[in-house]
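*Asks:* What follows is the file data-v4.txt, containing compact mmCIF, N, CA and C atoms:
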# COMPACT_ATOMS: atom_id res chain seq x y z
N MET B 917 -6.20 -11.61 28.33
CA MET B 917 -5.80 -11.46 26.92
C MET B 917 -6.49 -12.54 26.09
N LYS B 918 -6.86 -12.15 24.87
CA LYS B 918 -7.44 -13.14 23.96
C LYS B 918 -6.86 -12.92 22.56
N SER B 919 -6.95 -13.95 21.74
CA SER B 919 -6.42 -13.88 20.38
C SER B 919 -7.50 -14.28 19.39
N VAL B 920 -7.49 -13.62 18.25
CA VAL B 920 -8.35 -14.07 17.16
C VAL B 920 -7.52 -14.05 15.88
N VAL B 921 -7.91 -14.90 14.96
CA VAL B 921 -7.32 -14.87 13.62
C VAL B 921 -8.46 -14.53 12.66
N LEU B 922 -8.33 -13.40 12.01
CA LEU B 922 -9.37 -12.94 11.08
C LEU B 922 -8.93 -13.20 9.64
N GLN B 923 -9.88 -13.62 8.84
CA GLN B 923 -9.64 -13.79 7.41
C GLN B 923 -9.87 -12.43 6.75
N VAL B 924 -8.90 -11.93 6.04
CA VAL B 924 -9.00 -10.61 5.41
C VAL B 924 -8.75 -10.74 3.92
N GLU B 925 -9.70 -10.29 3.12
CA GLU B 925 -9.57 -10.38 1.66
C GLU B 925 -9.05 -9.07 1.08
N GLY B 926 -8.18 -9.18 0.10
CA GLY B 926 -7.76 -8.00 -0.64
C GLY B 926 -6.38 -7.48 -0.30
N MET B 927 -5.70 -8.14 0.62
CA MET B 927 -4.34 -7.68 0.96
C MET B 927 -3.36 -8.24 -0.06
N THR B 928 -2.59 -7.35 -0.65
CA THR B 928 -1.70 -7.80 -1.72
C THR B 928 -0.23 -7.49 -1.49
N CYS B 929 0.07 -6.52 -0.65
CA CYS B 929 1.46 -6.06 -0.58
C CYS B 929 1.81 -5.56 0.81
N GLY B 930 3.03 -5.13 0.96
CA GLY B 930 3.48 -4.65 2.26
C GLY B 930 2.71 -3.45 2.77
N HIS B 931 2.24 -2.60 1.83
CA HIS B 931 1.42 -1.46 2.26
C HIS B 931 0.12 -1.96 2.87
N CYS B 932 -0.46 -2.98 2.26
CA CYS B 932 -1.72 -3.54 2.77
C CYS B 932 -1.49 -4.14 4.16
N LYS B 933 -0.40 -4.85 4.29
CA LYS B 933 -0.03 -5.43 5.60
C LYS B 933 0.02 -4.32 6.66
N SER B 934 0.71 -3.25 6.36
CA SER B 934 0.83 -2.14 7.31
C SER B 934 -0.53 -1.50 7.59
N ALA B 935 -1.33 -1.35 6.57
CA ALA B 935 -2.64 -0.70 6.74
C ALA B 935 -3.53 -1.53 7.66
N VAL B 936 -3.52 -2.83 7.46
CA VAL B 936 -4.38 -3.72 8.25
C VAL B 936 -3.86 -3.84 9.68
N GLU B 937 -2.57 -3.99 9.83
CA GLU B 937 -2.02 -4.06 11.19
C GLU B 937 -2.25 -2.74 11.93
N GLY B 938 -2.06 -1.65 11.24
CA GLY B 938 -2.29 -0.34 11.86
C GLY B 938 -3.74 -0.14 12.25
N ALA B 939 -4.65 -0.61 11.41
CA ALA B 939 -6.07 -0.49 11.71
C ALA B 939 -6.41 -1.26 12.98
N ALA B 940 -5.90 -2.48 13.07
CA ALA B 940 -6.17 -3.30 14.27
C ALA B 940 -5.58 -2.64 15.51
N LEU B 941 -4.34 -2.17 15.39
CA LEU B 941 -3.65 -1.58 16.55
C LEU B 941 -4.27 -0.24 16.97
N SER B 942 -5.07 0.35 16.10
CA SER B 942 -5.69 1.63 16.45
C SER B 942 -6.82 1.46 17.46
N VAL B 943 -7.25 0.21 17.66
CA VAL B 943 -8.34 -0.03 18.63
C VAL B 943 -7.74 -0.14 20.03
N ASP B 944 -8.31 0.58 20.96
CA ASP B 944 -7.86 0.54 22.35
C ASP B 944 -7.87 -0.88 22.89
N GLY B 945 -6.76 -1.31 23.46
CA GLY B 945 -6.72 -2.64 24.07
C GLY B 945 -6.13 -3.70 23.15
N VAL B 946 -5.93 -3.35 21.89
CA VAL B 946 -5.26 -4.29 20.98
C VAL B 946 -3.75 -4.17 21.19
N LYS B 947 -3.11 -5.30 21.45
CA LYS B 947 -1.69 -5.30 21.83
C LYS B 947 -0.77 -5.70 20.69
N GLN B 948 -1.25 -6.60 19.84
CA GLN B 948 -0.42 -7.07 18.73
C GLN B 948 -1.30 -7.39 17.54
N ALA B 949 -0.74 -7.18 16.35
CA ALA B 949 -1.45 -7.54 15.13
C ALA B 949 -0.39 -7.95 14.11
N ALA B 950 -0.60 -9.12 13.52
CA ALA B 950 0.38 -9.65 12.56
C ALA B 950 -0.33 -10.22 11.35
N VAL B 951 -0.08 -9.61 10.21
CA VAL B 951 -0.67 -10.08 8.95
C VAL B 951 0.18 -11.18 8.35
N ASP B 952 -0.48 -12.22 7.86
CA ASP B 952 0.16 -13.23 7.03
C ASP B 952 -0.42 -13.07 5.63
N LEU B 953 0.36 -12.44 4.74
CA LEU B 953 -0.15 -12.12 3.40
C LEU B 953 -0.50 -13.38 2.62
N ALA B 954 0.31 -14.41 2.76
CA ALA B 954 0.08 -15.63 1.99
C ALA B 954 -1.21 -16.33 2.43
N ALA B 955 -1.53 -16.21 3.71
CA ALA B 955 -2.71 -16.88 4.25
C ALA B 955 -3.94 -15.98 4.25
N ASN B 956 -3.74 -14.71 3.90
CA ASN B 956 -4.85 -13.74 3.96
C ASN B 956 -5.46 -13.64 5.35
N THR B 957 -4.60 -13.59 6.34
CA THR B 957 -5.09 -13.50 7.72
C THR B 957 -4.37 -12.41 8.49
N VAL B 958 -5.03 -11.97 9.56
CA VAL B 958 -4.35 -11.15 10.56
C VAL B 958 -4.63 -11.77 11.93
N SER B 959 -3.58 -11.99 12.68
CA SER B 959 -3.68 -12.51 14.05
C SER B 959 -3.61 -11.32 14.99
N VAL B 960 -4.61 -11.24 15.86
CA VAL B 960 -4.71 -10.07 16.74
C VAL B 960 -4.77 -10.53 18.19
N GLU B 961 -3.92 -9.92 19.02
CA GLU B 961 -3.99 -10.16 20.46
C GLU B 961 -4.51 -8.90 21.13
N MET B 962 -5.44 -9.10 22.06
CA MET B 962 -6.10 -7.94 22.66
C MET B 962 -6.56 -8.26 24.07
N ASP B 963 -6.80 -7.21 24.84
CA ASP B 963 -7.38 -7.38 26.16
C ASP B 963 -8.75 -8.03 26.04
N GLU B 964 -9.14 -8.72 27.12
CA GLU B 964 -10.41 -9.47 27.13
C GLU B 964 -11.62 -8.61 26.74
N GLN B 965 -11.61 -7.36 27.18
CA GLN B 965 -12.81 -6.54 27.03
C GLN B 965 -12.99 -5.95 25.62
N VAL B 966 -11.99 -6.14 24.76
CA VAL B 966 -12.09 -5.54 23.42
C VAL B 966 -13.17 -6.25 22.59
N ASP B 967 -14.00 -5.47 21.94
CA ASP B 967 -15.02 -6.00 21.04
C ASP B 967 -14.36 -6.26 19.68
N VAL B 968 -14.32 -7.51 19.29
CA VAL B 968 -13.64 -7.87 18.04
C VAL B 968 -14.29 -7.18 16.84
N ASN B 969 -15.56 -6.88 16.96
CA ASN B 969 -16.24 -6.21 15.85
C ASN B 969 -15.65 -4.82 15.58
N LEU B 970 -15.12 -4.19 16.63
CA LEU B 970 -14.46 -2.89 16.42
C LEU B 970 -13.21 -3.07 15.56
N VAL B 971 -12.49 -4.14 15.84
CA VAL B 971 -11.28 -4.42 15.07
C VAL B 971 -11.64 -4.69 13.60
N LYS B 972 -12.67 -5.51 13.42
CA LYS B 972 -13.12 -5.79 12.05
C LYS B 972 -13.52 -4.51 11.33
N GLN B 973 -14.23 -3.65 12.04
CA GLN B 973 -14.71 -2.41 11.43
C GLN B 973 -13.55 -1.53 10.98
N GLU B 974 -12.54 -1.41 11.83
CA GLU B 974 -11.38 -0.57 11.47
C GLU B 974 -10.68 -1.12 10.22
N ILE B 975 -10.59 -2.44 10.14
CA ILE B 975 -9.93 -3.04 8.98
C ILE B 975 -10.79 -2.83 7.72
N GLU B 976 -12.09 -2.99 7.88
CA GLU B 976 -12.99 -2.77 6.73
C GLU B 976 -12.95 -1.31 6.27
N ASP B 977 -12.76 -0.40 7.22
CA ASP B 977 -12.68 1.01 6.87
C ASP B 977 -11.45 1.31 6.00
N GLN B 978 -10.48 0.40 6.04
CA GLN B 978 -9.29 0.56 5.18
C GLN B 978 -9.53 -0.04 3.79
N GLY B 979 -10.72 -0.62 3.58
CA GLY B 979 -11.04 -1.12 2.25
C GLY B 979 -10.90 -2.61 2.06
N TYR B 980 -10.78 -3.35 3.14
CA TYR B 980 -10.63 -4.81 3.04
C TYR B 980 -11.87 -5.49 3.57
N ASP B 981 -12.19 -6.65 3.02
CA ASP B 981 -13.31 -7.45 3.53
C ASP B 981 -12.80 -8.40 4.60
N VAL B 982 -13.51 -8.42 5.72
CA VAL B 982 -13.14 -9.30 6.83
C VAL B 982 -14.22 -10.35 7.01
N ASN B 983 -13.79 -11.62 7.10
CA ASN B 983 -14.77 -12.70 7.30
C ASN B 983 -14.64 -13.27 8.72
N MET A 715 8.07 20.53 -22.09
CA MET A 715 7.46 19.40 -21.36
C MET A 715 7.62 18.13 -22.18
N LYS A 716 7.84 17.04 -21.48
CA LYS A 716 7.92 15.74 -22.16
C LYS A 716 7.18 14.70 -21.33
N SER A 717 6.78 13.62 -21.98
CA SER A 717 6.05 12.55 -21.31
C SER A 717 6.76 11.23 -21.54
N VAL A 718 6.73 10.39 -20.53
CA VAL A 718 7.18 9.01 -20.72
C VAL A 718 6.17 8.09 -20.06
N VAL A 719 6.10 6.88 -20.58
CA VAL A 719 5.32 5.83 -19.93
C VAL A 719 6.29 4.75 -19.51
N LEU A 720 6.38 4.53 -18.21
CA LEU A 720 7.30 3.53 -17.68
C LEU A 720 6.54 2.26 -17.30
N GLN A 721 7.15 1.12 -17.58
CA GLN A 721 6.59 -0.16 -17.16
C GLN A 721 7.09 -0.41 -15.73
N VAL A 722 6.17 -0.62 -14.82
CA VAL A 722 6.54 -0.82 -13.41
C VAL A 722 5.97 -2.16 -12.94
N GLU A 723 6.84 -3.02 -12.43
CA GLU A 723 6.40 -4.34 -11.96
C GLU A 723 6.18 -4.33 -10.45
N GLY A 724 5.14 -5.01 -10.02
CA GLY A 724 4.95 -5.22 -8.59
C GLY A 724 3.88 -4.35 -7.96
N MET A 725 3.21 -3.52 -8.75
CA MET A 725 2.14 -2.69 -8.19
C MET A 725 0.87 -3.53 -8.10
N THR A 726 0.27 -3.58 -6.93
CA THR A 726 -0.89 -4.45 -6.76
C THR A 726 -2.13 -3.73 -6.25
N CYS A 727 -1.97 -2.57 -5.64
CA CYS A 727 -3.13 -1.99 -4.95
C CYS A 727 -3.05 -0.46 -4.94
N GLY A 728 -4.02 0.15 -4.35
CA GLY A 728 -4.07 1.60 -4.29
C GLY A 728 -2.89 2.23 -3.56
N HIS A 729 -2.40 1.50 -2.53
CA HIS A 729 -1.21 2.01 -1.82
C HIS A 729 -0.02 2.04 -2.76
N CYS A 730 0.10 1.01 -3.58
CA CYS A 730 1.22 0.95 -4.53
C CYS A 730 1.12 2.10 -5.54
N LYS A 731 -0.10 2.32 -6.01
CA LYS A 731 -0.35 3.43 -6.94
C LYS A 731 0.12 4.75 -6.32
N SER A 732 -0.28 4.99 -5.09
CA SER A 732 0.12 6.22 -4.41
C SER A 732 1.62 6.29 -4.21
N ALA A 733 2.22 5.17 -3.85
CA ALA A 733 3.67 5.16 -3.59
C ALA A 733 4.44 5.50 -4.86
N VAL A 734 4.01 4.92 -5.99
CA VAL A 734 4.73 5.14 -7.25
C VAL A 734 4.49 6.55 -7.78
N GLU A 735 3.25 7.01 -7.71
CA GLU A 735 2.97 8.38 -8.15
C GLU A 735 3.72 9.38 -7.28
N GLY A 736 3.72 9.13 -5.98
CA GLY A 736 4.43 10.02 -5.06
C GLY A 736 5.92 10.04 -5.32
N ALA A 737 6.47 8.88 -5.63
CA ALA A 737 7.90 8.79 -5.92
C ALA A 737 8.24 9.63 -7.16
N ALA A 738 7.43 9.48 -8.20
CA ALA A 738 7.67 10.25 -9.43
C ALA A 738 7.56 11.75 -9.16
N LEU A 739 6.51 12.11 -8.43
CA LEU A 739 6.27 13.54 -8.18
C LEU A 739 7.30 14.16 -7.24
N SER A 740 8.06 13.32 -6.55
CA SER A 740 9.08 13.85 -5.64
C SER A 740 10.28 14.40 -6.39
N VAL A 741 10.38 14.08 -7.69
CA VAL A 741 11.50 14.58 -8.49
C VAL A 741 11.18 16.00 -8.98
N ASP A 742 12.10 16.91 -8.76
CA ASP A 742 11.95 18.30 -9.21
C ASP A 742 11.65 18.36 -10.71
N GLY A 743 10.59 19.04 -11.08
CA GLY A 743 10.28 19.22 -12.49
C GLY A 743 9.24 18.24 -13.00
N VAL A 744 8.90 17.23 -12.20
CA VAL A 744 7.83 16.31 -12.58
C VAL A 744 6.50 16.96 -12.24
N LYS A 745 5.62 17.04 -13.23
CA LYS A 745 4.37 17.79 -13.08
C LYS A 745 3.17 16.89 -12.82
N GLN A 746 3.18 15.71 -13.45
CA GLN A 746 2.05 14.79 -13.29
C GLN A 746 2.55 13.36 -13.34
N ALA A 747 1.87 12.50 -12.59
CA ALA A 747 2.19 11.07 -12.63
C ALA A 747 0.89 10.32 -12.42
N ALA A 748 0.63 9.36 -13.30
CA ALA A 748 -0.62 8.61 -13.22
C ALA A 748 -0.35 7.13 -13.46
N VAL A 749 -0.63 6.35 -12.44
CA VAL A 749 -0.45 4.90 -12.54
C VAL A 749 -1.68 4.26 -13.15
N ASP A 750 -1.46 3.31 -14.03
CA ASP A 750 -2.50 2.41 -14.52
C ASP A 750 -2.18 1.03 -13.96
N LEU A 751 -2.91 0.63 -12.91
CA LEU A 751 -2.59 -0.63 -12.24
C LEU A 751 -2.76 -1.82 -13.16
N ALA A 752 -3.81 -1.79 -13.99
CA ALA A 752 -4.09 -2.93 -14.87
C ALA A 752 -3.00 -3.10 -15.93
N ALA A 753 -2.42 -1.98 -16.35
CA ALA A 753 -1.40 -2.02 -17.40
C ALA A 753 0.02 -2.09 -16.84
N ASN A 754 0.13 -1.97 -15.50
CA ASN A 754 1.46 -1.94 -14.87
C ASN A 754 2.33 -0.81 -15.42
N THR A 755 1.73 0.37 -15.57
CA THR A 755 2.47 1.50 -16.09
C THR A 755 2.26 2.74 -15.23
N VAL A 756 3.21 3.66 -15.36
CA VAL A 756 3.01 5.01 -14.83
C VAL A 756 3.35 6.00 -15.95
N SER A 757 2.44 6.91 -16.20
CA SER A 757 2.65 7.96 -17.19
C SER A 757 3.12 9.20 -16.45
N VAL A 758 4.23 9.75 -16.90
CA VAL A 758 4.84 10.87 -16.19
C VAL A 758 5.04 12.04 -17.14
N GLU A 759 4.59 13.20 -16.71
CA GLU A 759 4.86 14.43 -17.46
C GLU A 759 5.84 15.27 -16.68
N MET A 760 6.82 15.78 -17.38
CA MET A 760 7.89 16.49 -16.69
C MET A 760 8.51 17.55 -17.58
N ASP A 761 9.19 18.50 -16.96
CA ASP A 761 9.94 19.50 -17.71
C ASP A 761 11.03 18.81 -18.53
N GLU A 762 11.39 19.48 -19.63
CA GLU A 762 12.37 18.90 -20.56
C GLU A 762 13.67 18.47 -19.88
N GLN A 763 14.11 19.26 -18.92
CA GLN A 763 15.45 19.01 -18.36
C GLN A 763 15.52 17.88 -17.34
N VAL A 764 14.36 17.29 -17.01
CA VAL A 764 14.36 16.23 -16.00
C VAL A 764 15.01 14.96 -16.57
N ASP A 765 15.90 14.38 -15.78
CA ASP A 765 16.52 13.10 -16.15
C ASP A 765 15.57 11.97 -15.75
N VAL A 766 15.08 11.26 -16.75
CA VAL A 766 14.10 10.19 -16.48
C VAL A 766 14.69 9.13 -15.54
N ASN A 767 16.00 8.97 -15.59
CA ASN A 767 16.61 7.98 -14.70
C ASN A 767 16.40 8.32 -13.23
N LEU A 768 16.28 9.61 -12.90
CA LEU A 768 15.99 10.00 -11.53
C LEU A 768 14.60 9.52 -11.12
N VAL A 769 13.67 9.65 -12.05
CA VAL A 769 12.30 9.20 -11.78
C VAL A 769 12.29 7.68 -11.56
N LYS A 770 12.97 6.98 -12.45
CA LYS A 770 13.05 5.52 -12.30
C LYS A 770 13.66 5.14 -10.95
N GLN A 771 14.72 5.84 -10.59
CA GLN A 771 15.41 5.53 -9.34
C GLN A 771 14.49 5.70 -8.13
N GLU A 772 13.73 6.79 -8.13
CA GLU A 772 12.81 7.04 -7.00
C GLU A 772 11.76 5.94 -6.90
N ILE A 773 11.27 5.50 -8.04
CA ILE A 773 10.26 4.43 -8.03
C ILE A 773 10.89 3.12 -7.55
N GLU A 774 12.10 2.85 -8.03
CA GLU A 774 12.77 1.61 -7.60
C GLU A 774 13.07 1.66 -6.10
N ASP A 775 13.35 2.84 -5.58
CA ASP A 775 13.60 2.97 -4.14
C ASP A 775 12.37 2.60 -3.30
N GLN A 776 11.20 2.64 -3.94
CA GLN A 776 9.98 2.23 -3.25
C GLN A 776 9.75 0.73 -3.34
N GLY A 777 10.66 0.03 -4.01
CA GLY A 777 10.59 -1.42 -4.05
C GLY A 777 9.97 -2.01 -5.31
N TYR A 778 9.87 -1.20 -6.35
CA TYR A 778 9.28 -1.69 -7.62
C TYR A 778 10.35 -1.75 -8.69
N ASP A 779 10.19 -2.71 -9.59
CA ASP A 779 11.11 -2.80 -10.72
C ASP A 779 10.58 -1.98 -11.88
N VAL A 780 11.45 -1.16 -12.46
CA VAL A 780 11.07 -0.32 -13.59
C VAL A 780 11.82 -0.78 -14.82
N ASN A 781 11.07 -0.97 -15.90
CA ASN A 781 11.71 -1.40 -17.16
C ASN A 781 11.71 -0.26 -18.18
Could I get this file's structure written as structure tokens?

*Replies:*
Amino acid sequence: MKSVVLQVEGMTCGHCKSAVEGAALSVDGVKQAAVDLAANTVSVEMDEQVDVNLVKQEIEDQGYDVN
Amino acid sequence: MKSVVLQVEGMTCGHCKSAVEGAALSVDGVKQAAVDLAANTVSVEMDEQVDVNLVKQEIEDQGYDVN
């Protein structure tokens, strides 16, 4: 298992939180995703073999910028 | 047909726009609902017999304050 904290721009409300967490969790092997709206971050826990770029892509597909 | 423009607080993003428009449109007799995010308003067109308070209530149930 590995964890990353991604900086996500553009999240403003509970719907955004759900959209970003759902996007991360849609990737195979992602086990947990938790948005911190105040910090503009999402913490993601995933199996070792998951490509973090896939997670970033899914979040970007929801309309948010990931750094 | 009648129109009202309601002031809605707390809308920040496209999800909020959809939630508020959907709430308004869920009321029987409401024909159109259009959020202006920059103005914090929703314009609603509805049949004469619709009670505007029902529309307000549905929007408030989504977590927004309506003035």

*Asks:* Within 7 Å of chain A, which residues belong to chain B? Use all atoms listed in the file and report them as a ChimeraX atom specification.

*Replies:* /B:928-929,931-932

*Asks:* Those selected residues, please, written with N, CA and C atoms and delivered as a short mmCIF file (atom, residue, chain, number, x, y, z; two decimals), in the coordinates of the input.

*Replies:*
data_model
loop_
_atom_site.label_atom_id
_atom_site.label_comp_id
_atom_site.auth_asym_id
_atom_site.auth_seq_id
_atom_site.Cartn_x
_atom_site.Cartn_y
_atom_site.Cartn_z
N THR B 928 -2.59 -7.35 -0.65
CA THR B 928 -1.70 -7.80 -1.72
C THR B 928 -0.23 -7.49 -1.49
N CYS B 929 0.07 -6.52 -0.65
CA CYS B 929 1.46 -6.06 -0.58
C CYS B 929 1.81 -5.56 0.81
N HIS B 931 2.24 -2.60 1.83
CA HIS B 931 1.42 -1.46 2.26
C HIS B 931 0.12 -1.96 2.87
N CYS B 932 -0.46 -2.98 2.26
CA CYS B 932 -1.72 -3.54 2.77
C CYS B 932 -1.49 -4.14 4.16
#

*Asks:* Within 5 Å of A:Asp761, counting all atoms listed in the file, which residues show up once you throw out same-chain ones fewer than 3 positions away? Write them as a ChimeraX atom specification, please.

*Replies:* /A:715-716,743-744,764

*Asks:* Which residues in stretch 720-765 of chain A does DSSP call strand (DSSP E or B)? List them as JSON, numbers by chain.

*Replies:* {"A": [720, 721, 722, 723, 744, 745, 746, 747, 748, 749, 750, 755, 756, 757, 758, 759, 760]}

*Asks:* Please identify all polymer residues within 9 Å of A:Tyr778, counting only C-alpha atoms, omitting same-chain residues fewer than 2 positions from it, and present them as an MDAnalysis selection string.

*Replies:* chainID A and resid 722:725 734 773:776 780

*Asks:* Would you mind reading off the distance between atom N of B:Lys933 and atom CA of A:Gln721, one decimal, in Å?

*Replies:*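 Spanning atom N of B:Lys933 to atom CA of A:Gln721 is a straight-line distance of 23.0 Å.
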
*Asks:* In Å, with one decimal, what is the gap from atom CA of A:Ser757 to atom N of A:Val718?

*Replies:*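 Atom-to-atom, atom CA of A:Ser757 to atom N of A:Val718, that is 5.8 Å.
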
*Asks:* At most 8 Å from (-9.6, -3.7, 21.4), file frame, only C-alpha atoms: which residues, as a list in words?

*Replies:*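 Residues found, by chain and rising number: Ala940, Leu941, Val943, Asp944, Gly945, Val946, Met962, Asp963, Gln965, Val966, Asp967, Val968, Leu970 and Val971 of chain B.
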
*Asks:* I need the residues in chain A that are alpha helix (DSSP H) according to DSSP; give them as a VMD selection string.

*Replies:* chain A and resid 728 to 739 766 to 775

*Asks:* Just give me the gap between atom CA of A:Val756 and atom CA of A:Glu735 in Å, one decimal is fine.

*Replies:*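 Separating atom CA of A:Val756 from atom CA of A:Glu735 is a distance of 7.5 Å.
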
*Asks:* Calculated over all atoms listed in the file, which of the candidates B:Glu961, B:Asp981, B:Glu974, B:Ser942 has the smallest distance to B:Val921?

*Replies:*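 For B:Val921, the nearest of the given residues is B:Glu961.
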